[in-house]
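Participant: This one is my_file19.txt, compact mmCIF, C-alpha atoms.
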# COMPACT_ATOMS: atom_id res chain seq x y z
CA MET W 1 67.74 77.58 -126.45
CA ILE W 2 67.55 80.46 -123.97
CA LEU W 3 64.96 82.35 -126.05
CA GLY W 4 62.79 79.25 -126.08
CA LEU W 5 63.00 78.96 -122.30
CA VAL W 6 62.06 82.64 -121.89
CA ASP W 7 59.10 82.27 -124.26
CA GLU W 8 57.95 79.16 -122.39
CA ALA W 9 58.03 80.99 -119.06
CA VAL W 10 56.11 83.96 -120.53
CA THR W 11 53.50 81.59 -121.98
CA ASP W 12 53.04 80.09 -118.51
CA GLY W 13 52.18 83.52 -117.11
CA ALA W 14 55.48 85.08 -116.03
CA SER W 15 56.42 88.56 -117.20
CA GLU W 16 59.46 88.88 -119.44
CA ALA W 17 61.02 91.39 -117.01
CA ARG W 18 60.65 88.90 -114.16
CA VAL W 19 62.22 86.11 -116.22
CA CYS W 20 65.18 88.32 -117.12
CA ARG W 21 65.75 89.15 -113.45
CA GLU W 22 65.68 85.47 -112.51
CA ILE W 23 68.29 84.45 -115.12
CA GLY W 24 70.44 87.54 -114.60
CA LEU W 25 69.95 88.93 -118.08
CA ALA W 26 69.18 92.51 -119.08
CA ALA W 27 65.92 92.94 -120.99
CA THR W 28 67.74 95.03 -123.62
CA THR W 29 70.19 92.18 -124.18
CA LEU W 30 67.31 89.78 -124.73
CA GLN W 31 65.79 92.16 -127.27
CA ARG W 32 69.11 92.39 -129.12
CA TRP W 33 69.41 88.60 -129.24
CA ARG W 34 65.86 88.36 -130.65
CA LYS W 35 66.75 90.74 -133.48
CA LYS W 36 69.83 88.70 -134.30
CA ASN W 37 67.92 85.42 -133.86
CA ILE W 38 70.43 84.19 -131.29
CA GLY W 39 68.98 81.15 -129.58
CA GLU W 40 71.88 80.24 -127.32
CA ASP W 41 73.11 82.16 -124.30
CA GLY W 42 75.55 84.63 -125.81
CA ARG W 43 77.21 85.63 -122.57
CA ALA W 44 80.84 84.55 -122.57
CA GLY W 45 81.29 84.74 -118.82
CA PRO W 46 84.64 85.30 -117.08
CA LYS W 47 87.64 83.82 -118.89
CA SER W 48 89.54 83.11 -115.67
CA PRO W 49 88.63 82.84 -111.99
CA PRO W 50 89.02 86.01 -109.88
CA SER W 51 92.47 86.47 -108.40
CA ASN W 52 90.98 86.94 -104.93
CA LYS W 53 88.85 83.79 -105.03
CA LEU W 54 88.84 81.69 -101.88
CA SER W 55 90.93 78.58 -102.05
CA ALA W 56 89.38 75.18 -101.40
CA GLN W 57 90.99 75.14 -97.95
CA GLU W 58 89.56 78.59 -97.10
CA ARG W 59 86.09 77.57 -98.23
CA GLN W 60 86.28 74.44 -96.12
CA ARG W 61 87.34 76.50 -93.12
CA VAL W 62 84.25 78.70 -93.53
CA ILE W 63 82.06 75.59 -93.59
CA ASP W 64 83.84 74.01 -90.63
CA LEU W 65 83.46 77.14 -88.52
CA ALA W 66 79.78 77.62 -89.42
CA CYS W 67 79.06 73.97 -88.53
CA SER W 68 81.19 73.87 -85.39
CA PRO W 69 79.49 73.37 -81.98
CA GLU W 70 80.36 76.98 -81.11
CA PHE W 71 78.67 78.56 -84.14
CA ARG W 72 76.21 76.01 -85.55
CA ASP W 73 73.19 77.76 -84.00
CA LEU W 74 74.27 81.22 -85.16
CA SER W 75 73.84 83.06 -88.45
CA PRO W 76 76.83 84.59 -90.28
CA LYS W 77 75.66 87.96 -88.96
CA GLN W 78 76.54 86.65 -85.49
CA ILE W 79 79.53 84.52 -86.47
CA VAL W 80 81.61 87.24 -88.17
CA PRO W 81 81.67 89.74 -85.26
CA ARG W 82 82.32 86.94 -82.75
CA LEU W 83 85.34 85.86 -84.77
CA ALA W 84 86.51 89.47 -84.80
CA ASP W 85 86.25 89.52 -80.99
CA GLN W 86 88.61 86.53 -81.05
CA GLU W 87 91.00 88.56 -83.28
CA THR W 88 90.22 86.25 -86.19
CA TYR W 89 89.15 87.11 -89.74
CA VAL W 90 88.21 84.30 -92.09
CA ALA W 91 85.84 85.87 -94.61
CA SER W 92 83.20 88.55 -94.87
CA GLU W 93 79.61 88.03 -93.84
CA ALA W 94 78.53 87.96 -97.50
CA THR W 95 81.15 85.31 -98.25
CA PHE W 96 79.94 83.16 -95.37
CA TYR W 97 76.41 83.33 -96.77
CA ARG W 98 77.59 82.57 -100.31
CA VAL W 99 79.70 79.57 -99.30
CA LEU W 100 76.93 78.12 -97.15
CA ARG W 101 74.36 78.69 -99.91
CA GLU W 102 76.54 77.03 -102.55
CA GLY W 103 77.11 74.08 -100.22
CA GLY W 104 73.40 73.67 -99.47
CA LEU W 105 74.02 74.59 -95.84
CA GLN W 106 72.13 77.87 -95.56
CA LYS W 107 69.38 76.52 -93.37
CA HIS W 108 67.40 78.06 -90.57
CA ARG W 109 69.41 78.12 -87.36
CA GLY W 110 68.25 78.38 -83.76
CA ARG W 111 65.11 77.15 -82.03
CA ALA W 112 62.73 79.69 -83.54
CA LYS W 113 60.56 78.49 -86.38
CA ALA W 114 61.76 79.33 -89.85
CA PRO W 115 59.82 82.09 -91.60
CA THR W 116 56.78 80.81 -93.47
CA LYS W 117 55.95 82.23 -96.87
CA ARG W 118 52.32 83.25 -97.03
CA HIS W 119 50.93 83.11 -100.53
CA ARG W 120 48.73 86.00 -101.57
CA PRO W 121 45.04 85.05 -101.76
CA PRO W 122 43.66 84.63 -105.28
CA VAL W 123 42.50 87.78 -107.04
CA LYS W 124 38.74 88.32 -106.79
CA ILE W 125 36.83 90.66 -109.08
CA ALA W 126 33.24 91.84 -108.69
CA ASP W 127 31.31 93.66 -111.42
CA GLY W 128 27.98 93.87 -109.61
CA PRO W 129 26.34 93.65 -106.19
CA CYS W 130 26.10 90.44 -104.13
CA GLN W 131 29.07 88.77 -105.81
CA LEU W 132 31.76 89.46 -103.21
CA TRP W 133 31.22 90.29 -99.55
CA SER W 134 33.76 91.13 -96.88
CA TRP W 135 33.15 90.82 -93.16
CA ASP W 136 35.00 91.33 -89.89
CA ILE W 137 34.54 92.03 -86.19
CA THR W 138 35.68 95.09 -84.26
CA TYR W 139 35.54 96.19 -80.63
CA LEU W 140 33.31 98.82 -79.06
CA ARG W 141 34.33 99.94 -75.58
CA GLY W 142 32.01 98.77 -72.81
CA PRO W 143 31.03 100.44 -69.52
CA ILE W 144 33.84 98.80 -67.52
CA ARG W 145 37.47 99.40 -68.37
CA GLY W 146 38.81 96.43 -70.34
CA THR W 147 35.39 95.15 -71.43
CA PHE W 148 34.02 95.38 -74.96
CA PHE W 149 31.00 94.79 -77.13
CA TYR W 150 31.64 93.05 -80.43
CA LEU W 151 30.42 94.65 -83.65
CA TYR W 152 29.94 92.32 -86.64
CA PHE W 153 29.88 94.00 -90.06
CA ILE W 154 29.24 92.55 -93.54
CA MET W 155 29.95 94.77 -96.55
CA ASP W 156 29.30 94.28 -100.26
CA VAL W 157 32.71 94.99 -101.78
CA TRP W 158 31.36 96.22 -105.13
CA SER W 159 28.79 98.68 -103.78
CA ARG W 160 30.34 99.25 -100.30
CA LYS W 161 26.88 98.85 -98.81
CA ILE W 162 26.65 97.43 -95.28
CA VAL W 163 24.37 94.46 -95.90
CA GLY W 164 24.40 93.07 -92.37
CA TRP W 165 25.52 93.95 -88.87
CA ALA W 166 25.02 92.97 -85.25
CA VAL W 167 26.40 93.82 -81.80
CA HIS W 168 26.97 91.06 -79.23
CA PHE W 169 28.53 90.54 -75.83
CA THR W 170 30.80 87.80 -77.20
CA GLU W 171 32.77 86.91 -80.29
CA SER W 172 31.68 83.57 -81.71
CA ALA W 173 31.21 81.61 -84.91
CA GLU W 174 27.56 81.02 -83.97
CA HIS W 175 26.77 84.75 -83.95
CA ALA W 176 28.60 85.16 -87.25
CA ALA W 177 26.71 82.26 -88.84
CA ASP W 178 23.36 83.71 -87.76
CA LEU W 179 24.25 87.10 -89.22
CA ILE W 180 25.46 85.63 -92.51
CA SER W 181 22.27 83.58 -92.86
CA ALA W 182 20.03 86.58 -92.17
CA SER W 183 21.98 88.79 -94.59
CA CYS W 184 21.81 86.19 -97.37
CA ARG W 185 18.04 85.89 -96.90
CA ALA W 186 17.61 89.67 -96.94
CA GLU W 187 19.62 90.04 -100.16
CA GLY W 188 18.17 86.95 -101.85
CA ILE W 189 21.53 85.23 -102.30
CA GLU W 190 21.37 82.07 -104.40
CA PRO W 191 23.75 79.09 -103.99
CA ASP W 192 27.11 79.51 -105.75
CA GLN W 193 26.43 83.19 -106.31
CA MET W 194 28.77 84.80 -103.83
CA ILE W 195 32.23 84.74 -102.20
CA LEU W 196 32.58 85.77 -98.55
CA HIS W 197 36.02 87.10 -97.61
CA SER W 198 37.38 87.48 -94.08
CA ASP W 199 40.54 87.24 -92.04
CA ASN W 200 41.71 84.14 -90.17
CA GLY W 201 40.04 84.74 -86.80
CA ALA W 202 38.43 81.91 -84.84
CA PRO W 203 34.83 83.05 -85.57
CA MET W 204 35.64 83.15 -89.30
CA LYS W 205 36.93 79.58 -89.42
CA GLY W 206 34.71 78.00 -86.76
CA ALA W 207 32.92 74.77 -87.62
CA THR W 208 29.48 76.36 -87.23
CA MET W 209 30.40 79.20 -89.57
CA LEU W 210 31.87 76.96 -92.26
CA ALA W 211 28.93 74.57 -92.09
CA THR W 212 26.54 77.50 -92.54
CA LEU W 213 28.43 78.73 -95.59
CA ARG W 214 28.30 75.27 -97.15
CA GLN W 215 24.57 75.10 -96.51
CA LEU W 216 24.05 78.53 -98.09
CA GLY W 217 26.28 77.73 -101.07
CA VAL W 218 28.63 80.61 -100.23
CA LEU W 219 32.33 80.18 -101.03
CA PRO W 220 34.60 81.22 -98.11
CA SER W 221 37.80 83.15 -98.74
CA PHE W 222 40.47 84.03 -96.17
CA SER W 223 43.31 86.50 -95.78
CA ARG W 224 46.85 85.49 -94.98
CA PRO W 225 47.49 85.20 -91.24
CA ARG W 226 48.26 88.58 -89.65
CA VAL W 227 48.02 90.47 -92.98
CA SER W 228 45.33 93.13 -92.61
CA ASP W 229 45.89 94.44 -96.15
CA ASP W 230 44.24 91.28 -97.49
CA ASN W 231 40.90 92.50 -96.13
CA PRO W 232 41.17 96.24 -96.80
CA TYR W 233 37.51 97.06 -97.33
CA SER W 234 36.41 95.98 -93.87
CA GLU W 235 39.43 97.68 -92.31
CA SER W 236 38.56 100.90 -94.13
CA LEU W 237 34.96 100.65 -92.93
CA PHE W 238 36.09 100.32 -89.31
CA ARG W 239 38.30 103.38 -89.69
CA THR W 240 35.39 105.40 -91.08
CA LEU W 241 33.25 104.23 -88.15
CA LYS W 242 35.70 105.11 -85.37
CA TYR W 243 37.07 108.36 -86.83
CA ARG W 244 33.67 109.80 -87.59
CA PRO W 245 33.04 112.99 -85.57
CA ALA W 246 29.81 111.52 -84.19
CA TYR W 247 31.62 108.49 -82.73
CA PRO W 248 31.20 108.66 -78.92
CA SER W 249 34.25 109.76 -76.96
CA SER W 250 33.03 107.82 -73.92
CA PRO W 251 32.33 104.06 -73.71
CA PHE W 252 28.89 102.68 -74.50
CA ALA W 253 26.88 102.18 -71.31
CA THR W 254 24.82 99.21 -72.54
CA LEU W 255 24.55 96.83 -75.46
CA GLY W 256 21.35 98.61 -76.48
CA ALA W 257 23.12 101.98 -76.55
CA ALA W 258 25.82 100.52 -78.79
CA SER W 259 23.21 99.01 -81.12
CA ASP W 260 21.31 102.29 -81.34
CA TRP W 261 24.45 104.19 -82.32
CA VAL W 262 25.44 101.60 -84.93
CA THR W 263 21.90 101.77 -86.37
CA SER W 264 22.30 105.50 -86.96
CA PHE W 265 25.79 105.02 -88.40
CA VAL W 266 24.64 102.35 -90.86
CA GLY W 267 21.78 104.57 -92.02
CA TRP W 268 24.18 107.46 -92.60
CA TYR W 269 26.81 105.29 -94.28
CA ASN W 270 24.44 103.53 -96.67
CA GLN W 271 22.06 106.39 -97.46
CA GLU W 272 24.06 109.64 -97.10
CA HIS W 273 27.80 108.96 -97.22
CA LEU W 274 29.33 109.82 -100.62
CA HIS W 275 31.99 107.14 -100.86
CA SER W 276 35.26 108.23 -102.49
CA GLY W 277 35.99 104.73 -103.82
CA ILE W 278 32.85 104.59 -105.97
CA ARG W 279 32.83 108.08 -107.56
CA PHE W 280 31.22 109.76 -104.53
CA VAL W 281 27.83 108.11 -104.71
CA THR W 282 26.09 106.48 -101.77
CA PRO W 283 26.49 102.72 -101.27
CA SER W 284 22.71 102.25 -101.40
CA ASP W 285 22.43 104.06 -104.74
CA ARG W 286 25.22 101.95 -106.23
CA HIS W 287 23.84 98.72 -104.76
CA ALA W 288 20.43 99.44 -106.34
CA GLY W 289 21.87 100.63 -109.68
CA ARG W 290 20.77 104.25 -109.20
CA HIS W 291 24.36 105.53 -109.36
CA HIS W 292 24.22 105.65 -113.19
CA ASP W 293 21.48 108.31 -113.06
CA VAL W 294 23.33 110.25 -110.34
CA LEU W 295 26.58 110.33 -112.31
CA HIS W 296 24.76 111.14 -115.57
CA LEU W 297 23.13 114.17 -113.95
CA ARG W 298 26.46 115.37 -112.54
CA ARG W 299 28.08 115.07 -115.95
CA ALA W 300 25.26 117.12 -117.50
CA VAL W 301 25.73 119.84 -114.87
CA TYR W 302 29.46 120.08 -115.55
CA GLU W 303 29.07 120.04 -119.34
CA ALA W 304 26.53 122.85 -119.14
CA ALA W 305 28.88 124.85 -116.91
CA ARG W 306 31.72 124.43 -119.39
CA GLU W 307 29.50 125.55 -122.28
CA ARG W 308 28.56 128.70 -120.37
CA CYS W 309 32.16 129.64 -119.55
CA PRO W 310 34.53 127.64 -121.80
CA GLY W 311 37.45 129.92 -121.00
CA ARG W 312 37.53 128.64 -117.43
CA TRP W 313 38.14 125.03 -118.49
CA ARG W 314 41.61 124.02 -119.58
CA GLY W 315 40.93 120.30 -119.81
CA PRO W 316 38.14 117.76 -119.66
CA ILE W 317 35.47 117.87 -117.00
CA ARG W 318 35.66 115.71 -113.91
CA ASN W 319 35.45 111.97 -114.49
CA PHE W 320 31.90 110.77 -113.89
CA ASP W 321 32.24 107.32 -115.48
CA PRO W 322 30.91 104.58 -113.17
CA ILE W 323 33.50 102.24 -111.69
CA GLU W 324 32.45 98.96 -113.26
CA THR W 325 34.68 96.46 -111.45
CA VAL W 326 36.25 96.24 -108.01
CA THR W 327 39.23 93.99 -107.28
CA LEU W 328 40.12 92.39 -103.97
CA ASN W 329 43.81 91.53 -103.51
CA PRO W 330 45.03 92.56 -106.98
CA GLU W 331 48.34 91.23 -108.25
CA PRO W 332 51.26 93.43 -107.13
CA GLN W 333 52.94 95.53 -109.77
CA ASP W 334 56.65 95.11 -110.51
CA GLY W 335 58.59 96.53 -107.59
CA ASP W 336 55.53 96.76 -105.35
CA GLU W 337 54.83 93.67 -103.28
CA HIS W 338 52.36 95.25 -100.87
CA VAL W 339 49.55 96.51 -103.07
CA ALA W 340 46.24 95.68 -101.44
Please go through the file and, once you have read it, give me the structure as structure tokens.

Facilitator:
Amino acid sequence: MILGLVDEAVTDGASEARVCREIGLAATTLQRWRKKNIGEDGRAGPKSPPSNKLSAQERQRVIDLACSPEFRDLSPKQIVPRLADQETYVASEATFYRVLREGGLQKHRGRAKAPTKRHRPPVKIADGPCQLWSWDITYLRGPIRGTFFYLYFIMDVWSRKIVGWAVHFTESAEHAADLISASCRAEGIEPDQMILHSDNGAPMKGATMLATLRQLGVLPSFSRPRVSDDNPYSESLFRTLKYRPAYPSSPFATLGAASDWVTSFVGWYNQEHLHSGIRFVTPSDRHAGRHHDVLHLRRAVYEAARERCPGRWRGPIRNFDPIETVTLNPEPQDGDEHVA
């Protein structure tokens, strides 16, 4: 019976290790049962209740205290020390939690909203240009303290090329829609060809922006609220922009000055910058498919160097294989819930 349930869960997409954790069973025990063809749960369990188990009266006292007018808005973390201040010990904090959980009483307490679970956005994979774009808005300091210009950037996730940008006085869905439309025209985007990923800001989810995406046949995708790791490529681009040595240490005097500087940055980033995430080729070369020739030439140089002096090479040459696919928001590995 239990082996059938495990197999059913694995067929539905769960990992066997995750299933074992959920049912409190060691993976090695499951393997041993499979060898012996044991279908039922072979765990005998305790033969008698623990000697220190709470009595029914003690359990009821825990519930009565937790639900009393004095403590009903407090968590066990607050209840237990308050009882100690009253020179009273009823049960440990863990026991309070366990009794409330078993009684279906472990609910959110207080006036604050209960935590909301944010589901990770679906995994998106690109194996070529103009399949998956990421965009965001960042601030550029203006001439008056506390004022900013707004820089809009659109990046192709697969090639890392900046395919569209603009600088404006304001942050709005209308500016974003205009930029998206112009970028799609420039790149020749066809309906249902591309996904556009962004965070949850007002310009990203504005009615004008969403209507433009529907008209263009572009599928919108959004990060979880207040989770910057869901849009890592745009965040990384902004870091490269603002930590570049040429980034001005003083604010931009005018909108035109900001636009001129961004123009030079985009030219450098697309045409000269050897991006570490795509085998140190330029985004423009990768976007146009020229990166295969670049990497092939590098491999030939290294292979010739190894043939000339084989004694200086203890292992294979540097990896010059093109990175074929790029993943946005990959599934976390076991034990790692924050992989971006």

Participant: Which one is closest to Arg160 in chain W: W:Arg226, W:Lys77, W:Arg120, W:His287? Count all atoms listed in the file.

Facilitator: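 Of W:Arg226, W:Lys77, W:Arg120, W:His287, the one nearest Arg160 in chain W, counting all atoms listed in the file, is W:His287.
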
Participant: Name all residues at most 12 Å from Thr116 in chain W (count all atoms listed in the file; drop same-chain ones fewer than 3 positions away) and give them as a list in words.

Facilitator: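 The neighbour list is His108, Ala112, Lys113, His119, Arg224 and Pro225 of chain W.
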
Participant: So which one's closest to Arg290 in chain W, W:Ala27, W:Pro322, W:Val80, W:Asp64? Using only C-alpha atoms, please.

Facilitator: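 Smallest distance to Arg290 in chain W is found for W:Pro322.
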
Participant: Compile the contact shell of Ser234 in chain W as JSON, numbers by chain: residues with an atom at most 12 Å away, counting only C-alpha atoms, same-chain residues fewer than 4 positions apart removed.

Facilitator: {"W": [133, 134, 135, 136, 137, 138, 151, 152, 153, 154, 155, 156, 157, 160, 161, 162, 196, 197, 198, 199, 223, 228, 229, 230, 238, 239, 240, 241, 328]}

Participant: For CA of Asn329 in chain W and CA of Asp7 in chain W, determine how far apart the two atoms are, in Å to one decimal place.

Facilitator: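 That distance, rounded to one decimal, is 27.4 Å.
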
Participant: How many Å lie between CA of Ser75 in chain W and CA of Lys53 in chain W, rounded to one decimal?

Facilitator: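 Separation between CA of Ser75 in chain W and CA of Lys53 in chain W: 22.4 Å.
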
Participant: List the spatial neighbours of Ala91 in chain W as a PDB file with C-alpha atoms, in the frame of the given file - criterion: any atom at most 12 Å away, all atoms listed in the file, same-chain residues fewer than 3 positions off excluded.

Facilitator:
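What landed in around_14.pdb:
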ATOM      1  CA  ASN W  52      90.980  86.940-104.930  1.00  0.00           C
ATOM      2  CA  LYS W  53      88.850  83.790-105.030  1.00  0.00           C
ATOM      3  CA  LEU W  54      88.840  81.690-101.880  1.00  0.00           C
ATOM      4  CA  SER W  55      90.930  78.580-102.050  1.00  0.00           C
ATOM      5  CA  GLU W  58      89.560  78.590 -97.100  1.00  0.00           C
ATOM      6  CA  ARG W  59      86.090  77.570 -98.230  1.00  0.00           C
ATOM      7  CA  GLN W  60      86.280  74.440 -96.120  1.00  0.00           C
ATOM      8  CA  ARG W  61      87.340  76.500 -93.120  1.00  0.00           C
ATOM      9  CA  VAL W  62      84.250  78.700 -93.530  1.00  0.00           C
ATOM     10  CA  ILE W  63      82.060  75.590 -93.590  1.00  0.00           C
ATOM     11  CA  LEU W  65      83.460  77.140 -88.520  1.00  0.00           C
ATOM     12  CA  ALA W  66      79.780  77.620 -89.420  1.00  0.00           C
ATOM     13  CA  PRO W  76      76.830  84.590 -90.280  1.00  0.00           C
ATOM     14  CA  LYS W  77      75.660  87.960 -88.960  1.00  0.00           C
ATOM     15  CA  ILE W  79      79.530  84.520 -86.470  1.00  0.00           C
ATOM     16  CA  VAL W  80      81.610  87.240 -88.170  1.00  0.00           C
ATOM     17  CA  PRO W  81      81.670  89.740 -85.260  1.00  0.00           C
ATOM     18  CA  LEU W  83      85.340  85.860 -84.770  1.00  0.00           C
ATOM     19  CA  ALA W  84      86.510  89.470 -84.800  1.00  0.00           C
ATOM     20  CA  THR W  88      90.220  86.250 -86.190  1.00  0.00           C
ATOM     21  CA  ALA W  94      78.530  87.960 -97.500  1.00  0.00           C
ATOM     22  CA  THR W  95      81.150  85.310 -98.250  1.00  0.00           C
ATOM     23  CA  PHE W  96      79.940  83.160 -95.370  1.00  0.00           C
ATOM     24  CA  TYR W  97      76.410  83.330 -96.770  1.00  0.00           C
ATOM     25  CA  ARG W  98      77.590  82.570-100.310  1.00  0.00           C
ATOM     26  CA  VAL W  99      79.700  79.570 -99.300  1.00  0.00           C
TER      27      VAL W  99
END

Participant: Figure out the distance between CA of Val163 in chain W and CA of Trp261 in chain W, please, to one decimal in Å.

Facilitator: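 A separation of 16.7 Å between them.
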
Participant: Which residue, W:Arg286, W:Val167, W:Glu93, W:Leu5, has the smallest gap to Leu274 in chain W when you use all atoms listed in the file?

Facilitator: W:Arg286

Participant: With all atoms listed in the file as the basis for distance, which of W:Val6, W:Gly315, W:Leu295, W:Arg34 is at the shortest distance from Glu22 in chain W?

Facilitator: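 Smallest separation from Glu22 in chain W among the options: W:Val6.
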
Participant: Around all of range 162-178 of chain W's listed atoms, make the axis-aligned box with 5 Å on each side and tell me centre and edge lengths in Å to one decimal, as JSON.

Facilitator:
{"center_x": 28.1, "center_y": 89.2, "center_z": -85.9, "size_x": 19.4, "size_y": 26.4, "size_z": 30.1}

Participant: Using all atoms listed in the file, find the one residue out of W:Leu255, W:Ile23, W:Leu3, W:Val227 that sits nearest to Lys35 in chain W.

Facilitator: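 Going through W:Leu255, W:Ile23, W:Leu3, W:Val227 one by one, the smallest distance to Lys35 in chain W is for W:Leu3.
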
Participant: Determine the nearest neighbour of Ala126 in chain W from the options W:Phe222, W:Ala182, W:Arg21, W:Ile195, counting all atoms listed in the file.

Facilitator: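 Selected residue with least distance to Ala126 in chain W: W:Ile195.
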
Participant: Write out as a list of chain:residue names which residues come within 12 Å of Gly267 in chain W when counting all atoms listed in the file, dropping same-chain ones fewer than 4 positions away.

Facilitator: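 With the cut-off at 12 Å, the set is W:Lys161, W:Ile162, W:Val163, W:Gly164, W:Trp165, W:Asp260, W:Trp261, W:Val262, W:Thr263, W:Gln271, W:Glu272, W:His273, W:Thr282, W:Pro283, W:Ser284.
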
Participant: Write out, as a compact mmCIF listing (two decimals), in the frame of the given file, the residues just selected, with C-alpha atoms.

Facilitator:
# COMPACT_ATOMS: atom_id res chain seq x y z
CA LYS W 161 26.88 98.85 -98.81
CA ILE W 162 26.65 97.43 -95.28
CA VAL W 163 24.37 94.46 -95.90
CA GLY W 164 24.40 93.07 -92.37
CA TRP W 165 25.52 93.95 -88.87
CA ASP W 260 21.31 102.29 -81.34
CA TRP W 261 24.45 104.19 -82.32
CA VAL W 262 25.44 101.60 -84.93
CA THR W 263 21.90 101.77 -86.37
CA GLN W 271 22.06 106.39 -97.46
CA GLU W 272 24.06 109.64 -97.10
CA HIS W 273 27.80 108.96 -97.22
CA THR W 282 26.09 106.48 -101.77
CA PRO W 283 26.49 102.72 -101.27
CA SER W 284 22.71 102.25 -101.40

Participant: Can you pull out every residue within 8 Å of Cys130 in chain W, counting only C-alpha atoms, but drop anything in the same chain fewer than 3 positions away, and send it as a VMD selection string?

Facilitator: chain W and resid 133 156 158 187 189 193 to 194

Participant: May I have the protein, DNA and RNA residues with any atom at most 12 Å from the point (23.7, 113.2, -111.5), counting only C-alpha atoms, written as a ChimeraX atom specification?

Facilitator: /W:279-281,285,290-303,320-322
